[in-house]
file coords31.txt (compact mmCIF, C-alpha atoms)
# COMPACT_ATOMS: atom_id res chain seq x y z
CA MET A 1 0.00 0.00 0.00
CA SER A 2 1.58 3.27 -1.00
CA ASP A 3 1.72 6.40 1.06
CA GLY A 4 -1.65 8.02 1.38
CA GLU A 5 -3.35 5.13 -0.30
CA SER A 6 -5.92 3.04 1.47
CA THR A 7 -7.38 -0.39 0.91
CA GLY A 8 -10.44 1.20 -0.61
CA GLY A 9 -8.39 2.85 -3.32
CA SER A 10 -10.47 6.02 -3.16
CA GLY A 11 -7.49 8.33 -3.63
CA MET A 12 -8.08 9.93 -0.28
CA ILE A 13 -4.81 11.19 1.16
CA VAL A 14 -4.01 9.88 4.61
CA LYS A 15 -0.59 10.46 6.12
CA TRP A 16 1.13 9.13 9.22
CA TYR A 17 3.73 11.19 11.08
CA ALA A 18 6.03 10.79 14.08
CA ASN A 19 7.21 13.68 16.23
CA THR A 20 10.97 14.21 16.36
CA GLY A 21 10.48 17.47 18.24
CA SER A 22 8.41 18.02 21.34
CA ASP A 23 4.81 18.64 22.34
CA VAL A 24 5.48 22.39 22.42
CA ALA A 25 7.42 22.49 19.17
CA PRO A 26 6.53 19.42 17.13
CA VAL A 27 8.66 18.37 14.18
CA TRP A 28 6.59 15.94 12.17
CA PHE A 29 8.47 13.28 10.24
CA GLU A 30 6.37 11.38 7.74
CA ILE A 31 6.22 7.59 8.02
CA ASP A 32 5.67 6.73 4.39
CA ASP A 33 5.24 3.20 3.12
CA THR A 34 8.99 2.67 2.78
CA LYS A 35 9.35 2.95 6.52
CA LYS A 36 8.57 0.85 9.51
CA ILE A 37 8.03 1.73 13.17
CA HIS A 38 10.79 0.17 15.28
CA PHE A 39 10.36 -0.32 19.02
CA THR A 40 13.86 -0.84 20.38
CA GLY A 41 16.04 -1.08 23.42
CA ALA A 42 18.17 1.76 24.72
CA GLY A 43 21.20 2.99 22.81
CA SER A 44 19.96 2.37 19.28
CA VAL A 45 21.61 4.35 16.51
CA PRO A 46 20.42 5.11 12.97
CA ASN A 47 21.87 1.89 11.57
CA LEU A 48 21.41 -0.45 14.50
CA ALA A 49 18.35 -1.26 16.56
CA GLN A 50 19.31 -2.46 20.01
CA PRO A 51 17.06 -5.19 21.39
CA VAL A 52 14.74 -5.00 24.33
CA ILE A 53 16.02 -7.74 26.63
CA ARG A 54 13.38 -9.73 28.39
CA PRO A 55 13.56 -9.50 32.18
CA ASP A 56 13.85 -12.41 34.58
CA ALA A 57 10.49 -11.50 36.08
CA GLY A 58 7.73 -9.00 35.46
CA TYR A 59 8.02 -6.90 32.33
CA VAL A 60 9.89 -4.01 30.76
CA TRP A 61 8.88 -1.32 28.30
CA ASN A 62 10.65 -0.67 25.05
CA GLU A 63 13.14 2.15 25.59
CA GLU A 64 13.07 3.96 22.25
CA VAL A 65 11.06 4.32 19.06
CA TRP A 66 12.66 4.76 15.65
CA ILE A 67 11.36 5.17 12.12
CA GLY A 68 13.31 3.47 9.39
CA PRO A 69 13.34 0.97 6.56
CA GLU A 70 12.70 -2.74 6.93
CA VAL A 71 16.15 -3.37 8.33
CA MET A 72 16.78 -0.15 10.16
CA SER A 73 19.31 1.81 8.17
CA GLY A 74 19.29 5.54 8.44
CA GLY A 75 16.61 5.40 11.09
CA VAL A 76 15.20 8.52 12.71
CA LYS A 77 14.53 8.57 16.43
CA VAL A 78 11.08 9.61 17.65
CA THR A 79 12.51 11.79 20.37
CA ASN A 80 9.13 12.84 21.74
CA TRP A 81 8.16 9.27 22.60
CA LYS A 82 8.10 8.47 26.31
CA LYS A 83 7.70 5.24 28.24
CA PRO A 84 4.36 5.00 30.09
CA SER A 85 6.31 5.11 33.35
CA ALA A 86 8.23 8.28 32.47
CA PRO A 87 7.59 11.24 34.83
CA VAL A 88 6.62 13.53 31.95
CA GLN A 89 4.41 12.22 29.18
CA SER A 90 3.97 13.30 25.57
CA GLY A 91 0.65 13.68 23.80
CA LYS A 92 2.01 14.38 20.33
CA VAL A 93 3.97 11.28 19.40
CA PHE A 94 2.17 10.03 16.31
CA LYS A 95 -0.23 11.97 14.09
CA ILE A 96 -2.47 10.88 11.25
CA THR A 97 -3.92 13.44 8.89
CA PHE A 98 -6.87 13.23 6.51
CA ASP A 99 -7.59 15.42 3.49
CA THR A 100 -11.25 14.41 3.55
CA ALA A 101 -13.76 14.63 6.37
CA LEU A 102 -14.56 11.37 8.10
CA LEU A 103 -18.06 10.17 8.90
CA SER A 104 -17.19 8.54 12.19
CA ALA A 105 -14.37 8.24 14.70
CA PRO A 106 -11.44 6.25 13.34
CA VAL A 107 -10.25 3.13 15.09
CA ILE A 108 -6.68 1.99 15.60
CA SER A 109 -5.62 -1.58 16.25
CA ALA A 110 -2.98 -4.18 15.42
CA TYR A 111 -3.16 -7.36 13.38
CA ASP A 112 -0.78 -10.03 12.24
CA ASN A 113 -1.82 -9.82 8.60
CA THR A 114 -3.21 -7.35 6.11
CA ASP A 115 -6.47 -9.25 5.82
CA PHE A 116 -7.18 -7.87 9.30
CA ASP A 117 -8.61 -11.18 10.42
CA SER A 118 -5.89 -12.54 12.72
CA TRP A 119 -4.17 -11.32 15.89
CA ASP A 120 -2.89 -14.45 17.54
CA ILE A 121 0.84 -13.79 17.47
CA ALA A 122 2.29 -13.53 20.96
CA MET A 123 2.78 -9.80 20.75
CA LEU A 124 -0.94 -9.21 20.23
CA ALA A 125 -2.42 -12.10 22.19
CA GLY A 126 -0.31 -11.43 25.26
CA THR A 127 1.14 -13.95 27.69
CA GLU A 128 0.35 -15.33 31.10
CA GLU A 129 2.47 -12.55 32.62
CA THR A 130 0.25 -9.90 30.97
CA ASN A 131 -2.92 -11.75 31.87
CA PHE A 132 -3.24 -12.45 28.15
CA THR A 133 -3.73 -8.85 27.18
CA GLY A 134 -1.80 -7.70 24.15
CA LEU A 135 1.68 -6.28 24.57
CA MET A 136 0.90 -3.29 22.33
CA LYS A 137 -0.65 -0.44 24.30
CA CYS A 138 -2.12 2.71 22.80
CA PHE A 139 -3.51 6.02 24.03
CA ALA A 140 -5.34 8.56 21.86
CA SER A 141 -4.52 12.08 22.98
CA GLY A 142 -6.81 14.26 20.83
CA ASN A 143 -5.39 16.18 17.93
CA GLU A 144 -2.67 18.70 17.29
CA THR A 145 -4.85 21.61 18.44
CA VAL A 146 -6.57 20.13 21.45
CA ASN A 147 -4.20 17.67 23.01
CA THR A 148 -4.15 15.85 26.34
CA PRO A 149 -1.05 13.80 27.11
CA PRO A 150 -1.64 10.50 28.87
CA ALA A 151 -1.28 10.33 32.63
CA VAL A 152 1.99 9.06 34.05
CA GLY A 153 1.70 5.30 34.23
CA TRP A 154 -1.07 5.28 31.65
CA ALA A 155 -0.33 1.68 30.81
CA ARG A 156 0.89 -1.38 32.67
CA LYS A 157 1.56 -4.87 31.44
CA GLU A 158 -2.05 -5.96 31.96
CA THR A 159 -3.66 -2.80 30.53
CA GLY A 160 -6.38 -3.65 28.05
CA HIS A 161 -9.89 -5.01 27.84
CA ALA A 162 -12.31 -6.31 25.28
CA GLY A 163 -13.80 -3.82 22.86
CA SER A 164 -12.97 -0.15 22.66
CA GLY A 165 -11.04 1.74 25.30
CA ASN A 166 -8.58 4.56 25.78
CA PRO A 167 -5.98 3.51 26.69
CA ASN A 168 -6.29 -0.02 25.53
CA ALA A 169 -4.30 -2.93 24.18
CA LEU A 170 -4.25 -3.30 20.41
CA THR A 171 -5.47 -6.79 19.64
CA GLY A 172 -7.27 -6.87 16.28
CA SER A 173 -11.00 -6.38 16.52
CA SER A 174 -10.94 -7.88 19.99
CA SER A 175 -9.37 -4.89 21.73
CA PHE A 176 -8.79 -1.50 20.18
CA VAL A 177 -8.79 2.28 20.59
CA THR A 178 -11.55 4.42 19.14
CA ILE A 179 -10.25 7.92 18.55
CA PRO A 180 -12.32 10.36 20.64
CA LEU A 181 -12.99 12.76 17.76
CA ILE A 182 -14.03 12.77 14.11
CA PRO A 183 -11.46 14.56 11.92
CA GLY A 184 -12.88 17.02 9.41
CA VAL A 185 -11.30 18.15 6.14
CA GLY A 186 -7.58 18.52 6.79
CA GLY A 187 -8.11 17.16 10.29
CA ASP A 188 -5.87 14.91 12.32
CA PHE A 189 -5.62 12.86 15.45
CA THR A 190 -2.68 12.14 17.72
CA PHE A 191 -1.74 9.15 19.81
CA THR A 192 1.11 7.23 21.39
CA MET A 193 1.97 3.57 21.65
CA ALA A 194 4.23 1.43 23.82
CA VAL A 195 5.17 -2.23 24.01
CA ALA A 196 5.40 -4.20 27.27
CA LEU A 197 7.80 -7.13 27.03
CA PRO A 198 7.05 -9.72 29.74
CA SER A 199 9.47 -12.27 31.12
CA ASP A 200 7.54 -15.12 29.52
CA ALA A 201 7.51 -13.66 26.02
CA ASP A 202 8.13 -16.33 23.47
CA TYR A 203 11.34 -16.53 21.52
CA GLY A 204 11.42 -14.01 18.72
CA LYS A 205 10.72 -16.16 15.72
CA GLU A 206 9.46 -14.61 12.53
CA GLY A 207 6.37 -12.55 12.81
CA LYS A 208 5.83 -12.74 16.50
CA TYR A 209 7.02 -9.21 17.11
CA ASP A 210 6.15 -7.79 13.73
CA PRO A 211 2.50 -6.71 13.70
CA ILE A 212 0.57 -4.50 11.29
CA ILE A 213 -0.87 -1.33 12.82
CA ALA A 214 -4.08 -0.34 11.07
CA VAL A 215 -6.15 2.81 11.23
CA THR A 216 -9.70 2.14 10.04
CA TYR A 217 -11.84 5.09 8.96
CA VAL A 218 -15.07 5.79 7.11
CA HIS A 219 -15.64 8.63 4.64
CA VAL A 220 -17.81 9.51 1.69
CA MET B 221 -21.58 6.28 -0.64
CA GLU B 222 -19.65 5.43 2.50
CA LYS B 223 -16.23 3.91 2.16
CA LYS B 224 -14.50 2.05 4.93
CA GLU B 225 -10.74 1.94 4.49
CA ASN B 226 -7.54 1.14 6.30
CA MET B 227 -4.16 2.75 6.45
CA THR B 228 -1.43 0.48 7.69
CA ARG B 229 2.17 0.57 8.75
CA SER B 230 4.42 -2.24 9.90
CA LEU B 231 5.81 -2.23 13.40
CA GLN B 232 8.65 -4.28 14.79
CA LEU B 233 9.67 -4.86 18.37
CA HIS B 234 13.38 -5.58 18.42
CA THR B 235 13.87 -8.18 21.07
CA SER B 236 15.69 -11.44 21.60
CA MET B 237 16.98 -12.11 18.17
CA CYS B 238 20.02 -12.15 16.00
CA GLU B 239 21.25 -9.48 13.67
CA PHE B 240 23.94 -9.63 11.04
CA ARG B 241 25.93 -6.59 10.08
CA LEU B 242 27.40 -7.04 6.62
CA LEU B 243 30.39 -5.36 5.07
CA ASP B 244 28.11 -2.93 3.26
CA GLY B 245 26.77 -1.76 6.62
CA SER B 246 23.33 -3.26 6.15
CA ILE B 247 21.68 -5.15 8.98
CA HIS B 248 19.89 -8.42 8.44
CA SER B 249 17.75 -9.98 11.09
CA GLU B 250 17.27 -13.56 12.10
CA LYS B 251 14.16 -13.89 10.03
CA ASP B 252 16.09 -13.21 6.86
CA TYR B 253 17.09 -16.81 6.71
CA ALA B 254 16.36 -19.75 9.00
CA ASP B 255 16.41 -21.31 12.40
CA LEU B 256 19.44 -20.19 14.37
CA ASP B 257 19.44 -23.24 16.59
CA GLY B 258 19.98 -25.62 13.71
CA ASN B 259 23.14 -26.34 11.85
CA ASN B 260 21.34 -25.99 8.55
CA GLY B 261 20.36 -22.46 9.33
CA TRP B 262 23.92 -21.32 9.61
CA ARG B 263 25.06 -23.40 6.69
CA ASN B 264 22.42 -21.97 4.41
CA PHE B 265 22.85 -18.40 5.45
CA PRO B 266 23.60 -16.73 2.12
CA TYR B 267 25.65 -13.85 3.44
CA LYS B 268 28.06 -15.72 5.65
CA ARG B 269 31.16 -14.92 3.65
CA LYS B 270 30.43 -11.24 4.14
CA VAL B 271 29.70 -11.25 7.82
CA VAL B 272 31.97 -9.13 9.94
CA GLU B 273 29.92 -9.22 13.08
CA VAL B 274 27.14 -11.32 14.51
CA ARG B 275 25.16 -10.06 17.44
CA MET B 276 23.05 -12.55 19.29
CA PHE B 277 20.59 -11.73 22.01
CA GLY B 278 18.30 -14.04 23.85
CA ARG B 279 18.01 -16.45 26.71
CA TYR B 280 17.90 -19.55 24.56
CA ILE B 281 21.15 -19.18 22.66
CA ASN B 282 23.10 -22.19 23.76
CA ALA B 283 26.70 -23.26 23.51
CA ASP B 284 26.05 -25.60 20.61
CA THR B 285 24.66 -22.74 18.59
CA MET B 286 27.81 -20.77 19.23
CA ARG B 287 30.09 -23.64 18.28
CA ILE B 288 28.19 -24.30 15.09
CA ALA B 289 28.43 -20.66 14.20
CA ALA B 290 32.15 -20.65 14.83
CA ASN B 291 32.52 -23.49 12.40
CA GLN B 292 30.27 -22.10 9.75
CA PHE B 293 31.79 -18.65 9.84
CA ARG B 294 35.36 -19.90 10.05
CA GLY B 295 37.81 -17.18 9.20
CA PHE B 296 35.44 -14.31 9.73
CA ALA B 297 34.98 -12.17 12.77
CA ILE B 298 31.92 -13.07 14.77
CA HIS B 299 30.71 -11.22 17.78
CA PHE B 300 28.15 -12.73 20.09
CA VAL B 301 26.64 -10.64 22.81
CA GLY B 302 23.62 -11.69 24.70
CA ALA B 303 21.88 -12.60 27.88
CA ALA B 304 21.89 -16.29 27.25
CA THR B 305 21.41 -19.55 29.01
CA ILE B 306 24.53 -21.61 28.45
CA GLY B 307 23.36 -25.05 27.53
CA LYS B 308 19.81 -26.12 27.66
CA THR B 309 20.00 -27.65 31.12
CA GLU B 310 21.97 -25.07 33.04
CA PRO B 311 19.54 -22.90 34.92
CA TYR B 312 21.44 -19.72 35.46
CA LEU B 313 21.34 -16.70 33.26
CA ALA B 314 24.66 -15.68 31.89
CA ARG B 315 26.09 -13.16 29.54
CA GLU B 316 28.24 -14.77 26.90
CA ILE B 317 30.73 -13.17 24.65
CA MET B 318 32.49 -15.02 21.91
CA LEU B 319 34.91 -13.54 19.48
CA VAL B 320 36.27 -15.31 16.46
CA GLN B 321 38.68 -13.01 14.78
CA LYS B 322 40.22 -13.16 11.36
CA ASN B 323 43.47 -14.38 12.89
CA MET B 324 41.50 -17.40 14.10
CA LYS B 325 41.74 -16.49 17.75
CA VAL B 326 38.71 -17.59 19.69
CA PHE B 327 37.67 -16.07 22.98
CA VAL B 328 34.65 -17.37 24.82
CA CYS B 329 33.60 -16.11 28.20
CA SER B 330 30.40 -16.18 30.14
CA TYR B 331 29.14 -13.75 32.71
CA ASN B 332 26.95 -15.00 35.49
CA LEU B 333 24.49 -12.23 36.16
CA LYS B 334 23.65 -13.46 39.64
CA LYS B 335 27.26 -13.95 40.77
CA LYS B 336 28.40 -10.96 38.72
CA LYS B 337 31.48 -12.82 37.66
CA TRP B 338 33.16 -13.64 34.39
CA TYR B 339 33.99 -17.26 33.61
CA ASP B 340 36.42 -18.54 31.03
CA TYR B 341 34.42 -20.72 28.71
CA THR B 342 37.09 -21.21 26.12
CA ASP B 343 38.33 -24.58 27.37
CA ASP B 344 35.13 -26.14 26.25
CA LEU B 345 36.27 -25.56 22.72
CA LYS B 346 39.11 -28.02 23.33
CA ASN B 347 36.61 -30.82 23.58
CA PRO B 348 38.01 -33.62 21.36
CA GLU B 349 34.50 -34.29 20.18
CA ARG B 350 34.68 -30.94 18.44
CA PRO B 351 37.75 -31.47 16.24
CA HIS B 352 36.84 -28.64 13.90
CA LEU B 353 37.61 -26.22 16.72
CA GLN B 354 41.09 -27.52 17.38
CA GLN B 355 42.69 -25.50 14.64
CA TYR B 356 41.99 -22.25 16.41
CA ASP B 357 44.44 -20.47 18.64
CA LEU B 358 42.57 -20.73 21.90
CA SER B 359 44.29 -17.79 23.56
CA VAL B 360 42.01 -15.98 25.89
CA HIS B 361 42.33 -12.26 26.12
CA GLY B 362 40.78 -9.65 28.30
CA MET B 363 37.69 -10.18 30.37

call {"tool": "encode", "arguments": {"input": "coords31.txt", "output": "C-alpha cells"}}
result
Amino acid sequence: MSDGESTGGSGMIVKWYANTGSDVAPVWFEIDDTKKIHFTGAGSVPNLAQPVIRPDAGYVWNEEVWIGPEVMSGGVKVTNWKKPSAPVQSGKVFKITFDTALLSAPVISAYDNTDFDSWDIAMLAGTEETNFTGLMKCFASGNETVNTPPAVGWARKETGHAGSGNPNALTGSSSFVTIPLIPGVGGDFTFTMAVALPSDADYGKEGKYDPIIAVTYVHV
Amino acid sequence: MEKKENMTRSLQLHTSMCEFRLLDGSIHSEKDYADLDGNNGWRNFPYKRKVVEVRMFGRYINADTMRIAANQFRGFAIHFVGAATIGKTEPYLAREIMLVQKNMKVFVCSYNLKKKKWYDYTDDLKNPERPHLQQYDLSVHGM
C-alpha cells in the first residue's frame, strides 16, 4: 500500500507522522510506506536497533522508538516518545492526517496480517504474565490543536480489555482504541503507543514481534 | 456512498533475536534466513562470507549454537553478545561473549548475572568431540 493510499483505493490522502520534536514544538516526520516503526532497546543508533532484553520477572517497556526501513538503516529517532512510566508524558507522538472529512471516529488496532482477520501472534495475544492482554498499548490524545497527554503510568503490562477503550491494548477487533474525535477536512488525530515485554515472552521467531498497525476510517 | 478503508504501517519490536551486520553496513535480522538453533540455518545463510559481526541476544542461545556458528563462519569475525542460558539444562542466566577473529583467535567467556562474575568458557572448545575447533588459537584475552 503506498503512502496516502488506502485499501479502498479512493485516492483519499491519509498520512502518518512521528514527532521528532516536542509537544510544544513538534517536528513531524512522515512515516511513508517505505518505513517501519521500530520499538527498540536503549542505545539504538540510525543503523542499528538495540534489542529490548526480556527481564527475569515481570516486564519491561521498550526504551526507544525509531522510524526506518525494513532493516533499520538511516533510522530517525522519535525523540518525543516516552515510556508510560516516564515522569513527563507526551501527547504528540504520532499523528495521522486526513484530506477528507470522516463520517465517524477512526479506530486503531494491530493485526498479524493485512487481511485484518488474525491477531494471535504472541505480541498481540499477550502472555500469562500480561494476563493475556496484548503487549501493544495505545492512548489517543486528541489532535494537534486540542491535546491531552496520557497520565503518568497510563499503561501497565495488563492494561487492556475487550472492545474499545482509551488507553487499551491493540489486539485486532478484539481490543482497540476508538479515537475520541471525528477529523474534518484537513483534520488529524494524535496518539502514542508502547510495548510491554514480559518475562515469559516467546522466543522471537518470525512474525511474533512484527504486527501491522491499522487505522480504520469511514468517509464519503 | 460510504467507504471504509484502512491505512497500515508495519511495526517491529526488536527483542531477543540475532542481527547480522554485513560489510556494506546493512543489517539483516534472524528472520532473513532460517532457524538459528539448527546447523542448517547457519550453513544456508547466504551472506556468511560477508559477515563481519554477529550479534546474538536471547536467553535460549546455547553453547552448541555458538560452536556451530564458529565453524560455519570460520575465518570471519563473529561477535556474540547476549543474555543467554549456556546449555539447555543449566539454569542460570549468563552473559556470553564469543569472538572469532580473522586471525583465528577464539575467545569465549560467560558472565553470570547473579554472581556478577566472568567465567572462562574457552576450554570447552578443546573438547576432542569438536575437532573442527582444534585448529583455532585458543588464547584468551581480556575479560

call {"tool": "closest_residue", "arguments": {"input": "coords31.txt", "among": "A:Thr79, A:Ser104, A:Asn131, A:Gln89", "to": "chain B", "atoms": "only C-alpha atoms"}}
result
A:Ser104

call {"tool": "closest_residue", "arguments": {"input": "coords31.txt", "among": "A:Leu48, A:Ile182, A:Val78, A:Ala105", "to": "chain B", "atoms": "all atoms listed in the file"}}
result
A:Leu48

call {"tool": "atom_distance", "arguments": {"input": "coords31.txt", "atom1": "CA of Val195 (chain A)", "atom2": "CA of Asn62 (chain A)"}}
result
5.8 Å

call {"tool": "residues_around", "arguments": {"input": "coords31.txt", "residues": "Ser175 (chain A)", "least_positions_apart": "4", "cutoff": "6 Å", "atoms": "all atoms listed in the file", "output": "list of chain:residue names"}}
result
A:Ala162, A:Gly163, A:Ala169, A:Leu170, A:Thr171

call {"tool": "closest_residue", "arguments": {"input": "coords31.txt", "among": "A:Ile53, A:Pro46, A:Lys77, A:Phe29", "to": "chain B", "atoms": "all atoms listed in the file"}}
result
A:Ile53

call {"tool": "closest_residue", "arguments": {"input": "coords31.txt", "among": "A:Pro167, A:Pro211, A:Gly91, A:Pro84", "to": "chain B", "atoms": "all atoms listed in the file"}}
result
A:Pro211

call {"tool": "atom_distance", "arguments": {"input": "coords31.txt", "atom1": "CA of Gly142 (chain A)", "atom2": "CA of Thr190 (chain A)"}}
result
5.6 Å

call {"tool": "residues_around", "arguments": {"input": "coords31.txt", "residues": "Phe189 (chain A)", "least_positions_apart": "6", "cutoff": "8 Å", "atoms": "all atoms listed in the file", "output": "PDB file with C-alpha atoms, in the coordinates of the input"}}
result
ATOM      1  CA  LYS A  95      -0.230  11.970  14.090  1.00  0.00           C
ATOM      2  CA  ILE A  96      -2.470  10.880  11.250  1.00  0.00           C
ATOM      3  CA  THR A  97      -3.920  13.440   8.890  1.00  0.00           C
ATOM      4  CA  ALA A 140      -5.340   8.560  21.860  1.00  0.00           C
ATOM      5  CA  SER A 141      -4.520  12.080  22.980  1.00  0.00           C
ATOM      6  CA  GLY A 142      -6.810  14.260  20.830  1.00  0.00           C
ATOM      7  CA  ASN A 143      -5.390  16.180  17.930  1.00  0.00           C
ATOM      8  CA  GLU A 144      -2.670  18.700  17.290  1.00  0.00           C
ATOM      9  CA  ILE A 179     -10.250   7.920  18.550  1.00  0.00           C
ATOM     10  CA  LEU A 181     -12.990  12.760  17.760  1.00  0.00           C
ATOM     11  CA  PRO A 183     -11.460  14.560  11.920  1.00  0.00           C
TER      12      PRO A 183
END

call {"tool": "closest_atom_pairs", "arguments": {"input": "coords31.txt", "of": "region 31-130 of chain A", "to": "region 227-230 of chain B", "cutoff": "9 Å", "atoms": "all atoms listed in the file", "output": "JSON lines"}}
result
{"residue": "A:Ile31", "atom": "CA", "partner": "B:Arg229", "partner_atom": "CA", "distance": 8.1}
{"residue": "A:Asp32", "atom": "CA", "partner": "B:Arg229", "partner_atom": "CA", "distance": 8.3}
{"residue": "A:Asp33", "atom": "CA", "partner": "B:Arg229", "partner_atom": "CA", "distance": 6.9}
{"residue": "A:Lys35", "atom": "CA", "partner": "B:Arg229", "partner_atom": "CA", "distance": 7.9}
{"residue": "A:Lys36", "atom": "CA", "partner": "B:Ser230", "partner_atom": "CA", "distance": 5.2}
{"residue": "A:Ile37", "atom": "CA", "partner": "B:Ser230", "partner_atom": "CA", "distance": 6.3}
{"residue": "A:His38", "atom": "CA", "partner": "B:Ser230", "partner_atom": "CA", "distance": 8.7}
{"residue": "A:Glu70", "atom": "CA", "partner": "B:Ser230", "partner_atom": "CA", "distance": 8.8}
{"residue": "A:Thr114", "atom": "CA", "partner": "B:Thr228", "partner_atom": "CA", "distance": 8.2}

call {"tool": "atom_distance", "arguments": {"input": "coords31.txt", "atom1": "CA of Val14 (chain A)", "atom2": "CA of Gly186 (chain A)"}}
result
9.6 Å
